[in-house]
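This is my_file.txt. It holds compact mmCIF, C-alpha atoms.
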```
# COMPACT_ATOMS: atom_id res chain seq x y z
CA MET A 275 161.53 88.74 32.42
CA PRO A 276 158.47 88.33 30.15
CA ALA A 277 158.76 86.32 26.96
CA ASN A 278 158.43 88.10 23.63
CA PHE A 279 155.47 86.51 21.86
CA SER A 280 155.90 88.60 18.69
CA GLY A 281 155.65 86.75 15.38
CA THR A 282 153.22 84.75 13.29
CA TRP A 283 152.27 81.47 14.94
CA THR A 284 150.34 78.63 13.25
CA SER A 285 148.62 75.84 15.19
CA THR A 286 150.24 72.43 14.94
CA LYS A 287 148.52 70.36 17.63
CA THR A 288 145.67 70.53 20.14
CA GLU A 289 144.71 68.57 23.25
CA GLY A 290 141.48 68.43 25.23
CA TRP A 291 139.34 70.87 23.24
CA PRO A 292 136.33 68.57 22.58
CA GLU A 293 136.01 67.86 26.31
CA LEU A 294 136.39 71.54 27.24
CA PHE A 295 133.79 72.59 24.66
CA GLU A 296 131.39 69.96 25.99
CA LYS A 297 131.88 71.30 29.54
CA MET A 298 131.19 74.84 28.27
CA GLY A 299 128.07 73.73 26.37
CA VAL A 300 129.55 74.58 22.96
CA PRO A 301 128.41 72.32 20.09
CA LYS A 302 131.41 70.33 18.80
CA GLU A 303 130.46 70.97 15.17
CA ARG A 304 131.08 74.68 15.76
CA PHE A 305 134.81 73.88 15.90
CA PRO A 306 135.80 71.40 13.17
CA ALA A 307 138.63 68.94 13.80
CA ASP A 308 140.65 70.37 10.89
CA LEU A 309 140.55 73.93 12.29
CA LYS A 310 143.96 75.62 12.07
CA LEU A 311 144.53 78.97 13.76
CA THR A 312 147.11 81.62 12.98
CA HIS A 313 148.06 84.20 15.62
CA ALA A 314 149.90 87.32 14.42
CA VAL A 315 151.34 88.80 17.61
CA THR A 316 153.04 92.12 18.21
CA GLN A 317 154.30 93.05 21.64
CA SER A 318 155.68 96.24 23.11
CA GLY A 319 156.35 96.13 26.84
CA ASN A 320 153.09 95.25 28.56
CA ILE A 321 150.95 95.68 25.44
CA VAL A 322 150.26 92.43 23.55
CA HIS A 323 148.25 92.69 20.32
CA MET A 324 146.92 89.47 18.72
CA LYS A 325 145.15 89.02 15.41
CA THR A 326 143.72 85.52 15.02
CA THR A 327 142.53 83.99 11.75
CA ASN A 328 141.62 80.45 10.73
CA ASN A 329 141.49 78.15 7.71
CA VAL A 330 137.73 77.50 7.85
CA ASN A 331 136.05 80.88 7.44
CA HIS A 332 136.92 84.54 7.22
CA ASP A 333 136.49 85.33 10.92
CA VAL A 334 139.17 87.59 12.34
CA LYS A 335 139.56 88.13 16.06
CA VAL A 336 141.64 91.09 17.23
CA VAL A 337 142.61 91.35 20.89
CA THR A 338 144.82 93.83 22.72
CA ILE A 339 145.92 92.91 26.22
CA THR A 340 147.49 95.41 28.59
CA VAL A 341 149.30 93.19 31.08
CA GLY A 342 148.62 94.32 34.64
CA SER A 343 145.02 95.34 33.98
CA THR A 344 141.74 93.45 33.59
CA HIS A 345 140.81 92.17 30.16
CA ARG A 346 137.51 90.92 28.70
CA GLU A 347 137.67 88.26 26.01
CA LEU A 348 135.25 85.99 24.21
CA VAL A 349 136.29 82.39 24.94
CA ALA A 350 134.27 79.94 22.84
CA THR A 351 130.81 81.48 23.36
CA SER A 352 131.27 83.19 26.73
CA GLU A 353 132.75 86.60 27.51
CA ILE A 354 135.12 86.22 30.45
CA GLU A 355 136.86 88.94 32.44
CA HIS A 356 140.47 88.17 33.40
CA THR A 357 143.17 89.70 35.51
CA THR A 358 146.46 89.71 33.59
CA ALA A 359 150.03 89.39 34.87
CA TRP A 360 153.49 88.25 33.92
CA GLU A 361 154.58 85.23 35.94
CA GLY A 362 158.21 84.80 34.98
CA ASP A 363 158.15 84.50 31.20
CA LYS A 364 154.46 83.48 31.04
CA LEU A 365 151.44 85.66 30.38
CA VAL A 366 148.82 84.49 32.85
CA MET A 367 145.17 85.51 32.63
CA ARG A 368 142.95 84.41 35.52
CA ALA A 369 139.18 84.59 35.37
CA VAL A 370 137.85 87.20 37.80
CA SER A 371 135.05 84.73 38.61
CA GLY A 372 137.72 82.36 39.94
CA SER A 373 136.92 79.67 37.39
CA GLY A 374 140.06 78.98 35.37
CA GLY A 375 142.12 81.07 33.02
CA ILE A 376 144.50 81.20 30.07
CA THR A 377 148.29 80.90 30.06
CA TYR A 378 150.57 81.86 27.16
CA GLU A 379 154.12 80.53 27.20
CA ILE A 380 156.97 79.70 24.84
CA THR A 381 158.54 76.29 25.40
CA GLY A 382 160.99 74.63 23.03
CA GLY A 383 160.33 77.27 20.38
CA GLN A 384 156.58 76.67 20.46
CA LEU A 385 153.84 78.99 21.69
CA ILE A 386 151.63 76.98 24.03
CA ILE A 387 148.22 78.31 25.02
CA THR A 388 146.60 76.50 27.95
CA VAL A 389 142.94 77.13 28.78
CA GLU A 390 141.46 75.95 32.09
CA HIS A 391 137.73 76.00 32.83
CA GLN A 392 135.91 74.26 35.69
CA GLY A 393 138.59 71.61 36.09
CA MET A 394 138.99 70.94 32.35
CA VAL A 395 142.24 71.75 30.51
CA ALA A 396 142.80 72.26 26.78
CA LYS A 397 146.06 73.14 25.06
CA SER A 398 146.99 74.48 21.65
CA TYR A 399 150.53 74.36 20.27
CA PHE A 400 151.83 76.82 17.68
CA SER A 401 155.02 77.09 15.61
CA LYS A 402 156.46 80.10 13.79
```

Any chance you could put this one into structure tokens?
Amino acid sequence: MPANFSGTWTSTKTEGWPELFEKMGVPKERFPADLKLTHAVTQSGNIVHMKTTNNVNHDVKVVTITVGSTHRELVATSEIEHTTAWEGDKLVMRAVSGSGGITYEITGGQLIITVEHQGMVAKSYFSK
């Protein structure tokens, strides 16, 4: 059964982002070390709506994912098309190009977002 990701989640820890950004050709200064993200998530069945804000500027990113269909999303500076599916209680998005993907899961009360790209892995941890 899919997890319910609904709630307001604030980033608490990250791993591997500088290396992933370097691999993607994204300048490190574009993402400051003190960047904190907040995801406001609502979920109804296979519809997951996310509004993401940060503590650095006034950028707001709004994404609606219909699990079971393809989804296009801007990741860093590249738009990537993903297939989406529930795998147990995880939301798994795999790049149509075959190069990585994004997994959303709740473990120990934390939302963990794992991004894979060309063999590199970055994780962000969020608490309610």

- prompt: Between CA of Gly383 (chain A) and CA of Pro292 (chain A), what is the distance, to one decimal in Å?
  reply: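 Spanning CA of Gly383 (chain A) to CA of Pro292 (chain A) is a straight-line distance of 25.6 Å.
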
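Comparing A:Glu390, A:Phe295, A:Thr282, A:Gly290 by their smallest distance to His323 (chain A), the closest is A:Thr282 (using all atoms listed in the file).
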
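Here CA of Leu309 (chain A) is placed at a distance of 12.2 Å from CA of Asp333 (chain A).
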
query: Could you pull the residues within 8 Å of region 342-347 of chain A, counting only C-alpha atoms, minus those fewer than 4 positions along the same chain, as JSON, numbers by chain?
result: {"A": [320, 337, 353, 354, 355, 356, 357, 358, 359, 360]}

Any chance you can output those residues with C-alpha atoms as a short mmCIF file (atom, residue, chain, number, x, y, z; two decimals), in the frame of the given file?
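Listing of selection30.cif after writing:
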```cif
data_model
loop_
_atom_site.label_atom_id
_atom_site.label_comp_id
_atom_site.auth_asym_id
_atom_site.auth_seq_id
_atom_site.Cartn_x
_atom_site.Cartn_y
_atom_site.Cartn_z
CA ASN A 320 153.09 95.25 28.56
CA VAL A 337 142.61 91.35 20.89
CA GLU A 353 132.75 86.60 27.51
CA ILE A 354 135.12 86.22 30.45
CA GLU A 355 136.86 88.94 32.44
CA HIS A 356 140.47 88.17 33.40
CA THR A 357 143.17 89.70 35.51
CA THR A 358 146.46 89.71 33.59
CA ALA A 359 150.03 89.39 34.87
CA TRP A 360 153.49 88.25 33.92
#
```

d(CA of Thr338 (chain A), CA of Gly372 (chain A)) in Å: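 About the pair CA of Thr338 (chain A) and CA of Gly372 (chain A): they are 21.9 Å apart.
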
Padding of 5 Å on every side, edges along x, y and z, all listed atoms of region 283-293 of chain A included: what centre and edge lengths in Å, to one decimal, does that box have, as AutoDock Vina command-line options?
```
--center_x 144.1 --center_y 74.7 --center_z 19.8 --size_x 26.3 --size_y 23.6 --size_z 23.1
```

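When only C-alpha atoms are used to measure the gap to Ala314 (chain A), the shortest distance among A:Thr340, A:Trp283, A:Asn331, A:Lys397 belongs to A:Trp283.
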
message: Under the rule that all atoms listed in the file are counted, which of A:Val330, A:Ile376, A:Met324, A:Val366 is the nearest residue to Met394 (chain A)?
response: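 Nearest candidate to Met394 (chain A) out of A:Val330, A:Ile376, A:Met324, A:Val366: A:Ile376.
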
query: Looking at A:Gln384, A:His391, A:Gly281, A:Leu348, which one is nearest to Arg368 (chain A), with distances taken over all atoms listed in the file?
result: A:His391

- request: Quick one: everything within 10 Å of Lys310 (chain A), counting only C-alpha atoms, minus sequence neighbours fewer than 5 positions away in the same chain. Send it as a list in words.
  value: Thr284, Ser285, Thr286, Lys287, Thr288, Thr327, Asn328, Asn329, Val330 and Phe400 of chain A

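Residues with any atom within 8 Å of the point (151.3, 76.5, 27.9), counting all atoms listed in the file, are Thr377, Tyr378, Glu379, Ile380, Thr381, Leu385, Ile386, Ile387, Thr388, Lys397, Ser398 and Tyr399 of chain A.
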
Best match for closeness to Ser401 (chain A) among A:Thr312, A:Gln317, A:Ser352, A:Ser373, counting all atoms listed in the file: A:Thr312

query: Which of these residues is nearest to Gly375 (chain A), using only C-alpha atoms: A:Ile321, A:Val395, A:Asn278, A:Val336?
result: A:Val395
